[in-house]
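Engineer: So I've got this file, model.txt, and it contains compact mmCIF, C-alpha atoms:
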```txt
# COMPACT_ATOMS: atom_id res chain seq x y z
CA MET D 14 -10.91 23.37 21.24
CA ILE D 15 -7.20 23.01 22.02
CA GLU D 16 -5.37 26.31 21.70
CA SER D 17 -2.40 26.08 19.36
CA LYS D 18 -0.81 29.38 20.51
CA GLY D 19 0.28 30.08 16.94
CA HIS D 20 2.19 26.81 16.64
CA PRO D 21 -0.19 24.35 14.95
CA ASN D 22 1.33 20.88 14.75
CA ARG D 23 4.43 22.31 16.39
CA LEU D 24 6.01 18.89 16.93
CA GLY D 25 5.99 18.17 13.18
CA ILE D 26 7.36 14.78 12.19
CA TRP D 27 9.19 14.53 15.58
CA GLY D 28 5.73 14.07 17.06
CA TRP D 29 5.54 10.72 15.24
CA LEU D 30 8.21 9.30 17.53
CA GLY D 31 6.47 9.84 20.85
CA GLY D 32 3.41 7.76 21.77
CA GLY D 33 2.87 9.71 24.99
CA ARG D 34 -0.40 8.88 26.70
CA TRP D 35 -1.90 7.51 23.49
CA GLY D 36 -0.08 4.22 23.89
CA VAL D 37 0.43 1.52 21.28
CA GLU D 38 -2.10 2.98 18.80
CA ARG D 39 0.15 6.04 18.39
CA TYR D 40 3.04 3.81 17.35
CA LEU D 41 0.75 1.93 14.96
CA TYR D 42 -0.09 5.34 13.46
CA THR D 43 3.62 6.11 12.99
CA LEU D 44 4.28 2.65 11.57
CA HIS D 45 1.31 3.01 9.21
CA ARG D 46 2.79 6.22 7.83
CA LEU D 47 6.33 4.87 7.52
CA THR D 48 5.18 1.68 5.79
CA GLY D 49 2.91 3.76 3.53
CA LEU D 50 5.81 5.99 2.47
CA GLY D 51 8.01 2.94 1.92
CA LEU D 52 5.36 1.17 -0.16
CA LEU D 53 4.77 4.31 -2.23
CA THR D 54 8.51 4.66 -2.99
CA TYR D 55 8.73 1.00 -3.99
CA PHE D 56 5.53 1.21 -6.05
CA LEU D 57 6.76 4.16 -8.15
CA LEU D 58 9.97 2.27 -9.00
CA HIS D 59 7.99 -0.95 -9.53
CA ILE D 60 5.89 0.72 -12.26
CA LEU D 61 9.04 1.72 -14.15
CA VAL D 62 10.80 -1.66 -13.79
CA THR D 63 7.85 -3.92 -14.62
CA SER D 64 6.80 -1.84 -17.64
CA SER D 65 9.68 -3.57 -19.49
CA ARG D 66 7.24 -6.48 -19.90
CA ALA D 67 5.60 -4.53 -22.72
CA LEU D 68 8.85 -4.57 -24.74
CA GLY D 69 9.34 -8.35 -24.89
CA LYS D 70 11.25 -11.20 -23.31
CA ALA D 71 14.81 -9.82 -23.53
CA PRO D 72 14.06 -6.39 -21.93
CA TRP D 73 11.97 -8.13 -19.25
CA GLU D 74 14.74 -10.57 -18.32
CA GLN D 75 17.31 -7.77 -18.43
CA ALA D 76 15.19 -5.69 -16.02
CA MET D 77 14.60 -8.66 -13.70
CA ASN D 78 18.31 -9.55 -13.70
CA ALA D 79 19.09 -5.96 -12.68
CA VAL D 80 16.99 -6.36 -9.53
CA THR D 81 18.13 -9.77 -8.30
CA GLY D 82 20.58 -10.67 -5.54
CA PRO D 83 20.35 -10.97 -1.76
CA LEU D 84 19.97 -7.21 -1.15
CA PHE D 85 17.01 -6.90 -3.53
CA LYS D 86 15.47 -10.07 -2.09
CA LEU D 87 15.71 -8.59 1.41
CA GLY D 88 14.20 -5.34 0.13
CA GLU D 89 11.33 -7.24 -1.49
CA TYR D 90 10.75 -9.15 1.74
CA LEU D 91 10.58 -5.89 3.70
CA VAL D 92 8.05 -4.58 1.16
CA PHE D 93 5.97 -7.71 1.78
CA VAL D 94 6.15 -7.20 5.56
CA ALA D 95 5.22 -3.51 5.13
CA PHE D 96 2.29 -4.53 2.92
CA ALA D 97 1.04 -7.07 5.51
CA PHE D 98 1.10 -4.51 8.30
CA HIS D 99 -0.25 -1.58 6.27
CA ALA D 100 -3.12 -3.65 4.85
CA VAL D 101 -4.42 -5.12 8.10
CA ASN D 102 -3.84 -1.93 10.07
CA GLY D 103 -5.74 -0.13 7.30
CA ILE D 104 -8.69 -2.49 7.94
CA ARG D 105 -8.55 -1.49 11.63
CA LEU D 106 -8.50 2.21 10.73
CA GLY D 107 -11.46 1.73 8.37
CA ILE D 108 -13.47 -0.09 11.06
CA ILE D 109 -12.77 2.70 13.57
CA GLU D 110 -13.44 5.42 10.97
CA LEU D 111 -16.93 3.93 10.50
CA GLY D 112 -17.52 4.07 14.27
CA PHE D 113 -17.29 0.34 15.00
CA GLY D 114 -15.16 -1.12 17.78
CA VAL D 115 -14.89 2.10 19.77
CA GLY D 116 -17.66 1.37 22.27
CA PRO D 117 -20.78 3.42 22.99
CA PRO D 118 -20.52 7.10 24.00
CA ILE D 119 -20.27 7.49 27.79
CA GLU D 120 -20.67 10.33 30.29
CA PRO D 121 -17.38 12.13 30.94
CA VAL D 122 -17.33 11.27 34.65
CA TYR D 123 -14.11 11.32 36.67
CA PRO D 124 -12.00 9.14 36.63
CA TYR D 125 -12.25 9.49 32.84
CA ARG D 126 -12.13 6.38 30.72
CA THR D 127 -10.63 6.30 27.24
CA SER D 128 -12.11 4.44 24.28
CA LEU D 129 -8.59 3.20 23.53
CA ASP D 130 -9.18 0.42 26.08
CA VAL D 131 -12.18 -0.70 24.03
CA GLN D 132 -10.17 -0.48 20.79
CA ARG D 133 -7.16 -2.42 22.13
CA PRO D 134 -8.43 -5.94 21.22
CA LEU D 135 -8.80 -4.75 17.63
CA ALA D 136 -5.20 -3.52 17.61
CA VAL D 137 -3.98 -6.82 19.08
CA GLY D 138 -6.03 -8.78 16.54
CA VAL D 139 -4.58 -6.73 13.69
CA LEU D 140 -1.03 -7.36 14.86
CA LEU D 141 -1.72 -11.10 15.15
CA LEU D 142 -3.19 -11.23 11.64
CA ALA D 143 -0.23 -9.29 10.25
CA ALA D 144 2.11 -11.71 12.05
CA ILE D 145 0.37 -14.73 10.45
CA ILE D 146 0.71 -13.20 6.97
CA VAL D 147 4.36 -12.35 7.66
CA VAL D 148 5.07 -15.93 8.78
CA MET D 149 3.50 -17.27 5.55
CA GLY D 150 5.59 -14.81 3.54
CA THR D 151 8.75 -15.65 5.48
CA LEU D 152 8.28 -19.36 4.74
CA ASN D 153 7.69 -18.57 1.07
CA PHE D 154 10.65 -16.18 0.75
CA TRP D 155 13.34 -17.90 2.75
CA VAL D 156 12.40 -21.57 3.32
CA LEU D 157 10.15 -23.12 0.67
CA GLU D 158 10.99 -21.20 -2.51
CA MET F 28 -19.87 17.26 0.98
CA MET F 29 -16.74 19.39 0.98
CA ARG F 30 -13.92 18.70 -1.46
CA ASP F 31 -11.53 17.29 1.15
CA GLN F 32 -14.26 15.02 2.54
CA LYS F 33 -14.84 13.67 -0.97
CA LEU F 34 -11.13 13.09 -1.52
CA TRP F 35 -10.86 11.35 1.88
CA THR F 36 -13.81 9.11 1.01
CA TRP F 37 -12.10 8.22 -2.30
CA HIS F 38 -8.89 7.56 -0.35
CA LEU F 39 -10.72 5.00 1.82
CA ALA F 40 -12.52 3.47 -1.17
CA ALA F 41 -9.20 3.14 -3.02
CA GLY F 42 -7.80 1.41 0.08
CA VAL F 43 -10.51 -1.25 -0.11
CA VAL F 44 -9.79 -1.84 -3.83
CA ILE F 45 -6.06 -2.08 -3.11
CA LEU F 46 -6.70 -4.51 -0.25
CA PHE F 47 -8.25 -7.02 -2.65
CA LEU F 48 -6.16 -6.44 -5.78
CA LEU F 49 -2.78 -6.00 -4.08
CA GLY F 50 -3.70 -8.95 -1.86
CA LEU F 51 -4.18 -11.01 -5.02
CA HIS F 52 -0.95 -9.64 -6.53
CA MET F 53 1.05 -10.45 -3.39
CA THR F 54 -0.47 -13.93 -3.21
CA VAL F 55 0.47 -14.63 -6.83
CA MET F 56 3.97 -13.16 -6.57
CA HIS F 57 5.12 -13.79 -2.99
CA LEU F 58 2.91 -16.56 -1.56
CA ASN F 59 3.20 -18.76 -4.65
CA VAL F 60 4.35 -21.77 -2.59
CA THR F 61 2.33 -21.35 0.63
CA VAL F 62 -0.88 -20.35 -1.23
CA PRO F 63 -0.40 -21.70 -4.78
CA LEU F 64 -2.77 -20.35 -7.46
CA LYS F 65 -1.81 -22.70 -10.27
CA GLY F 66 -3.92 -20.93 -12.88
CA LEU F 67 -1.90 -17.75 -12.49
CA ASN F 68 1.52 -19.46 -12.46
CA PRO F 69 0.84 -22.32 -14.91
CA ALA F 70 4.44 -22.89 -16.00
CA GLY F 71 5.62 -23.55 -12.44
CA GLY F 72 8.94 -22.14 -11.30
CA HIS F 73 9.08 -18.52 -10.25
CA PRO F 74 6.14 -16.15 -10.87
CA ILE F 75 8.41 -13.70 -12.73
CA ASP F 76 9.56 -16.34 -15.23
CA TRP F 77 8.66 -15.13 -18.73
CA GLN F 78 6.29 -18.07 -19.41
CA ASN F 79 4.24 -17.24 -16.31
CA VAL F 80 4.28 -13.52 -17.13
CA ILE F 81 2.94 -14.25 -20.63
CA ALA F 82 0.31 -16.71 -19.31
CA ARG F 83 -1.03 -14.09 -16.89
CA GLY F 84 -0.70 -11.38 -19.52
CA LYS F 85 -3.09 -13.25 -21.85
CA ILE F 86 -5.92 -12.99 -19.32
CA GLY F 87 -7.84 -9.80 -20.14
CA ALA F 88 -9.42 -9.55 -16.67
CA PHE F 89 -5.98 -9.77 -15.09
CA ALA F 90 -4.69 -6.94 -17.31
CA LEU F 91 -7.73 -4.92 -16.25
CA THR F 92 -6.94 -5.49 -12.56
CA TYR F 93 -3.45 -4.07 -13.22
CA VAL F 94 -4.95 -0.82 -14.53
CA VAL F 95 -7.51 -0.55 -11.69
CA LEU F 96 -4.82 -1.34 -9.09
CA LEU F 97 -2.47 1.18 -10.70
CA GLY F 98 -5.07 3.97 -10.51
CA ALA F 99 -6.23 3.10 -6.98
CA ALA F 100 -2.69 2.74 -5.60
CA LEU F 101 -1.44 5.94 -7.22
CA PHE F 102 -4.38 7.93 -5.84
CA HIS F 103 -4.19 6.32 -2.38
CA GLY F 104 -0.42 6.73 -2.11
CA LEU F 105 -0.07 10.22 -3.52
CA TYR F 106 -3.08 11.57 -1.61
CA GLY F 107 -1.64 10.03 1.57
CA LEU F 108 1.69 11.71 0.87
CA ARG F 109 -0.11 15.01 0.26
CA ASN F 110 -1.86 14.72 3.63
CA ILE F 111 1.42 14.07 5.43
CA LEU F 112 3.05 17.05 3.73
CA PHE F 113 0.07 19.31 4.47
CA GLU F 114 0.25 18.41 8.17
CA LEU F 115 3.63 20.12 8.26
CA ASN F 116 1.79 23.42 7.64
CA PRO F 117 3.48 24.63 4.47
CA ALA F 118 2.59 28.07 3.05
CA SER F 119 -0.54 28.13 0.88
CA TRP F 120 1.46 28.64 -2.35
CA LEU F 121 3.52 25.57 -1.45
CA LYS F 122 0.36 23.56 -0.81
CA ARG F 123 -0.91 24.47 -4.27
CA THR F 124 2.44 23.58 -5.84
CA VAL F 125 2.58 20.21 -4.03
CA SER F 126 -0.98 19.39 -5.14
CA ILE F 127 -0.22 20.23 -8.78
CA VAL F 128 3.10 18.34 -8.84
CA LEU F 129 1.54 15.22 -7.26
CA LEU F 130 -1.43 15.38 -9.62
CA LEU F 131 0.83 15.65 -12.68
CA CYS F 132 3.11 12.84 -11.42
CA GLY F 133 0.08 10.65 -10.79
CA LEU F 134 -1.41 11.28 -14.22
CA ALA F 135 1.93 10.70 -15.97
CA LEU F 136 2.57 7.42 -14.12
CA PHE F 137 -1.00 6.26 -14.67
CA SER F 138 -0.73 6.95 -18.42
CA PHE F 139 2.64 5.18 -18.63
CA GLY F 140 1.51 2.20 -16.55
CA THR F 141 -1.74 1.84 -18.50
CA TRP F 142 0.21 1.87 -21.76
CA ALA F 143 2.52 -0.84 -20.37
CA ALA F 144 -0.44 -2.98 -19.24
CA ILE F 145 -2.22 -2.70 -22.61
CA ALA F 146 0.99 -3.24 -24.62
CA GLY F 147 1.86 -6.23 -22.41
CA PHE F 148 -1.60 -7.71 -22.96
CA SER F 149 -1.35 -7.22 -26.76
CA LEU F 150 2.12 -8.78 -26.80
CA ALA F 151 0.98 -11.80 -24.75
CA LYS F 152 -2.10 -12.31 -26.96
CA ALA F 153 0.07 -12.28 -30.09
CA MET F 154 2.35 -15.06 -28.73
```
Please, can you express the file's structure as structure tokens?
Structural biologist:
Amino acid sequence: MIESKGHPNRLGIWGWLGGGRWGVERYLYTLHRLTGLGLLTYFLLHILVTSSRALGKAPWEQAMNAVTGPLFKLGEYLVFVAFAFHAVNGIRLGIIELGFGVGPPIEPVYPYRTSLDVQRPLAVGVLLLAAIIVVMGTLNFWVLE
Amino acid sequence: MMRDQKLWTWHLAAGVVILFLLGLHMTVMHLNVTVPLKGLNPAGGHPIDWQNVIARGKIGAFALTYVVLLGAALFHGLYGLRNILFELNPASWLKRTVSIVLLLCGLALFSFGTWAAIAGFSLAKAM
């Protein structure tokens, strides 16, 4: 067990910024948290704004008019991008949590090998899938609509 | 199974529910041109146009998905936030306070959102 020397999690949220020897997966972890916090913030406001639907047409249109304009559209687009990443990266995390895609257990023989090399194709696949969804959303938001 | 293991399992299960229901929601609202689901935007135009909102609101199953998505997303999001805050090693009294505040916020928002979904469904049915 790693000794904490009385400073458990001593890096705190600053530790999110450094990938260190963990590589790209560490940054996906940070991005997953940041997008999760962003989505949660948006979601709480979204509940309040869209509840105006229950009061009829005029309150609904008033609420929707209050959240229109280029700044809100950009914000909504960023929420879509955050959703695309958080959703597909969440699939990756679920697959790994269940023990798939990490390779079989191996003897710890020097030079040590990390299972991150085995997981890397999954991370690349996730980023590609997120990119495809983002492209579809970008076309919908800014070109076709 | 310990309490935190149970909550973590629910967190993952809620994630799967959100994946499908929020995926549907995003497709209806933000991929309406690239992946058109005509039945859920029957009036054409923008998905937030009142006619489309009412058309979707009349579908009981759709109103039900709102409530299920609301509950799953609130639990998933607030439990995730709680985990992040707990990793910063707050004092035990602060952990208890955070848990209670998040639980109360979640219950209040779930009650409010469920009321809005049911009232919206009733309003749409009456039109």
Engineer: Where does chain F meet chain D within 7 Å, residue by residue, with the nearest atom pair and distance in Å to one decimal for each, counting all atoms listed in the file, listed by chain and rising number, as a Markdown table?
Structural biologist:
```
| residue | atom | partner | partner_atom | distance |
| --- | --- | --- | --- | --- |
| F:Leu46 | CA | D:Ala100 | CA | 6.3 |
| F:His57 | CA | D:Gly150 | CA | 6.6 |
| F:Leu58 | CA | D:Asn153 | CA | 5.8 |
| F:Val60 | CA | D:Asn153 | CA | 5.9 |
| F:Thr61 | CA | D:Asn153 | CA | 6.1 |
| F:Trp77 | CA | D:Lys70 | CA | 6.6 |
| F:Gly104 | CA | D:Leu53 | CA | 5.7 |
| F:Leu115 | CA | D:Gly25 | CA | 5.8 |
| F:Gly140 | CA | D:Ile60 | CA | 6.3 |
| F:Ala143 | CA | D:Ser64 | CA | 5.2 |
| F:Ala146 | CA | D:Ala67 | CA | 5.2 |
| F:Gly147 | CA | D:Ala67 | CA | 4.1 |
| F:Leu150 | CA | D:Ala67 | CA | 6.8 |
```
Engineer: Identify, on the basis of all atoms listed in the file, every residue whose closest approach to Tyr42 in chain D does not exceed 12 Å; exclude the query and any residue fewer than 6 positions from it along the same chain; express the result as a short mmCIF file (atom, residue, chain, number, x, y, z; two decimals) with C-alpha atoms, keeping the file's coordinate frame.
Structural biologist:
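part09.cif written:
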```
data_model
loop_
_atom_site.label_atom_id
_atom_site.label_comp_id
_atom_site.auth_asym_id
_atom_site.auth_seq_id
_atom_site.Cartn_x
_atom_site.Cartn_y
_atom_site.Cartn_z
CA GLY D 28 5.73 14.07 17.06
CA TRP D 29 5.54 10.72 15.24
CA LEU D 30 8.21 9.30 17.53
CA GLY D 31 6.47 9.84 20.85
CA GLY D 32 3.41 7.76 21.77
CA TRP D 35 -1.90 7.51 23.49
CA GLY D 36 -0.08 4.22 23.89
CA THR D 48 5.18 1.68 5.79
CA GLY D 49 2.91 3.76 3.53
CA PHE D 98 1.10 -4.51 8.30
CA HIS D 99 -0.25 -1.58 6.27
CA ASN D 102 -3.84 -1.93 10.07
CA GLY D 103 -5.74 -0.13 7.30
CA ARG D 105 -8.55 -1.49 11.63
CA LEU D 106 -8.50 2.21 10.73
CA ALA D 136 -5.20 -3.52 17.61
CA ILE F 111 1.42 14.07 5.43
#
```
Engineer: Between D:Lys86, D:Thr127, D:Leu141, D:Val80, which is the closest to Leu58 in chain D once you count all atoms listed in the file?
Structural biologist: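 Among D:Lys86, D:Thr127, D:Leu141, D:Val80, it is D:Val80 that comes nearest to Leu58 in chain D.
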Engineer: If I take CA of Arg123 in chain F and CA of Leu101 in chain F, how far is one from the other in Å, to one decimal?
Structural biologist: 18.8 Å
Engineer: May I ask which of the residues D:Arg39, D:Val94, D:Arg34, D:Val115 is the closest one to Ala143 in chain D, counting only C-alpha atoms?
Structural biologist: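 Of all the options, D:Val94 lies closest to Ala143 in chain D.
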Engineer: Identify which of the residues D:Leu44, D:Arg126, D:Gly33, D:Asn78 lies closest to Ile75 in chain F, counting all atoms listed in the file when measuring atom-to-atom distances.
Structural biologist: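 Among D:Leu44, D:Arg126, D:Gly33, D:Asn78, it is D:Asn78 that comes nearest to Ile75 in chain F.
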Engineer: Could you complete range 108-133 of chain D so that it carries N, CA and C atoms, and give it back as a CSV table (one decimal), in the coordinates of the input?
Structural biologist:
```csv
chain,number,residue,atom,x,y,z
D,108,ILE,N,-12.4,0.3,10.1
D,108,ILE,CA,-13.5,-0.1,11.1
D,108,ILE,C,-13.7,1.0,12.1
D,109,ILE,N,-12.6,1.6,12.6
D,109,ILE,CA,-12.8,2.7,13.6
D,109,ILE,C,-13.4,4.0,12.9
D,110,GLU,N,-12.9,4.3,11.7
D,110,GLU,CA,-13.4,5.4,11.0
D,110,GLU,C,-15.0,5.4,10.8
D,111,LEU,N,-15.5,4.1,10.7
D,111,LEU,CA,-16.9,3.9,10.5
D,111,LEU,C,-17.7,3.9,11.9
D,112,GLY,N,-16.9,4.0,12.9
D,112,GLY,CA,-17.5,4.1,14.3
D,112,GLY,C,-17.7,2.7,15.0
D,113,PHE,N,-17.2,1.7,14.4
D,113,PHE,CA,-17.3,0.3,15.0
D,113,PHE,C,-16.1,0.1,15.9
D,114,GLY,N,-16.3,-0.7,16.9
D,114,GLY,CA,-15.2,-1.1,17.8
D,114,GLY,C,-14.6,-0.1,18.7
D,115,VAL,N,-15.4,1.0,18.9
D,115,VAL,CA,-14.9,2.1,19.8
D,115,VAL,C,-15.8,2.2,21.0
D,116,GLY,N,-16.8,1.4,21.1
D,116,GLY,CA,-17.7,1.4,22.3
D,116,GLY,C,-18.7,2.5,22.2
D,117,PRO,N,-19.7,2.4,23.0
D,117,PRO,CA,-20.8,3.4,23.0
D,117,PRO,C,-20.3,4.7,23.7
D,118,PRO,N,-20.9,5.9,23.3
D,118,PRO,CA,-20.5,7.1,24.0
D,118,PRO,C,-20.9,7.0,25.5
D,119,ILE,N,-20.0,7.5,26.3
D,119,ILE,CA,-20.3,7.5,27.8
D,119,ILE,C,-20.2,8.9,28.4
D,120,GLU,N,-20.7,9.0,29.6
D,120,GLU,CA,-20.7,10.3,30.3
D,120,GLU,C,-19.2,10.6,30.7
D,121,PRO,N,-18.7,11.8,30.5
D,121,PRO,CA,-17.4,12.1,30.9
D,121,PRO,C,-17.3,12.3,32.5
D,122,VAL,N,-17.3,11.2,33.2
D,122,VAL,CA,-17.3,11.3,34.6
D,122,VAL,C,-16.0,10.8,35.2
D,123,TYR,N,-15.4,11.6,36.1
D,123,TYR,CA,-14.1,11.3,36.7
D,123,TYR,C,-14.2,10.0,37.5
D,124,PRO,N,-13.2,9.1,37.5
D,124,PRO,CA,-12.0,9.1,36.6
D,124,PRO,C,-12.4,8.8,35.2
D,125,TYR,N,-11.9,9.6,34.2
D,125,TYR,CA,-12.2,9.5,32.8
D,125,TYR,C,-11.7,8.2,32.3
D,126,ARG,N,-12.6,7.6,31.4
D,126,ARG,CA,-12.1,6.4,30.7
D,126,ARG,C,-11.9,6.7,29.2
D,127,THR,N,-10.9,6.1,28.7
D,127,THR,CA,-10.6,6.3,27.2
D,127,THR,C,-11.2,5.2,26.4
D,128,SER,N,-11.6,5.5,25.2
D,128,SER,CA,-12.1,4.4,24.3
D,128,SER,C,-11.0,3.6,23.8
D,129,LEU,N,-9.7,4.0,24.0
D,129,LEU,CA,-8.6,3.2,23.5
D,129,LEU,C,-8.6,1.8,24.2
D,130,ASP,N,-9.1,1.7,25.4
D,130,ASP,CA,-9.2,0.4,26.1
D,130,ASP,C,-10.1,-0.5,25.3
D,131,VAL,N,-11.2,0.1,24.8
D,131,VAL,CA,-12.2,-0.7,24.0
D,131,VAL,C,-11.6,-1.1,22.7
D,132,GLN,N,-10.8,-0.2,22.1
D,132,GLN,CA,-10.2,-0.5,20.8
D,132,GLN,C,-9.0,-1.5,20.8
D,133,ARG,N,-8.4,-1.6,22.0
D,133,ARG,CA,-7.2,-2.4,22.1
D,133,ARG,C,-7.3,-3.8,21.6
```
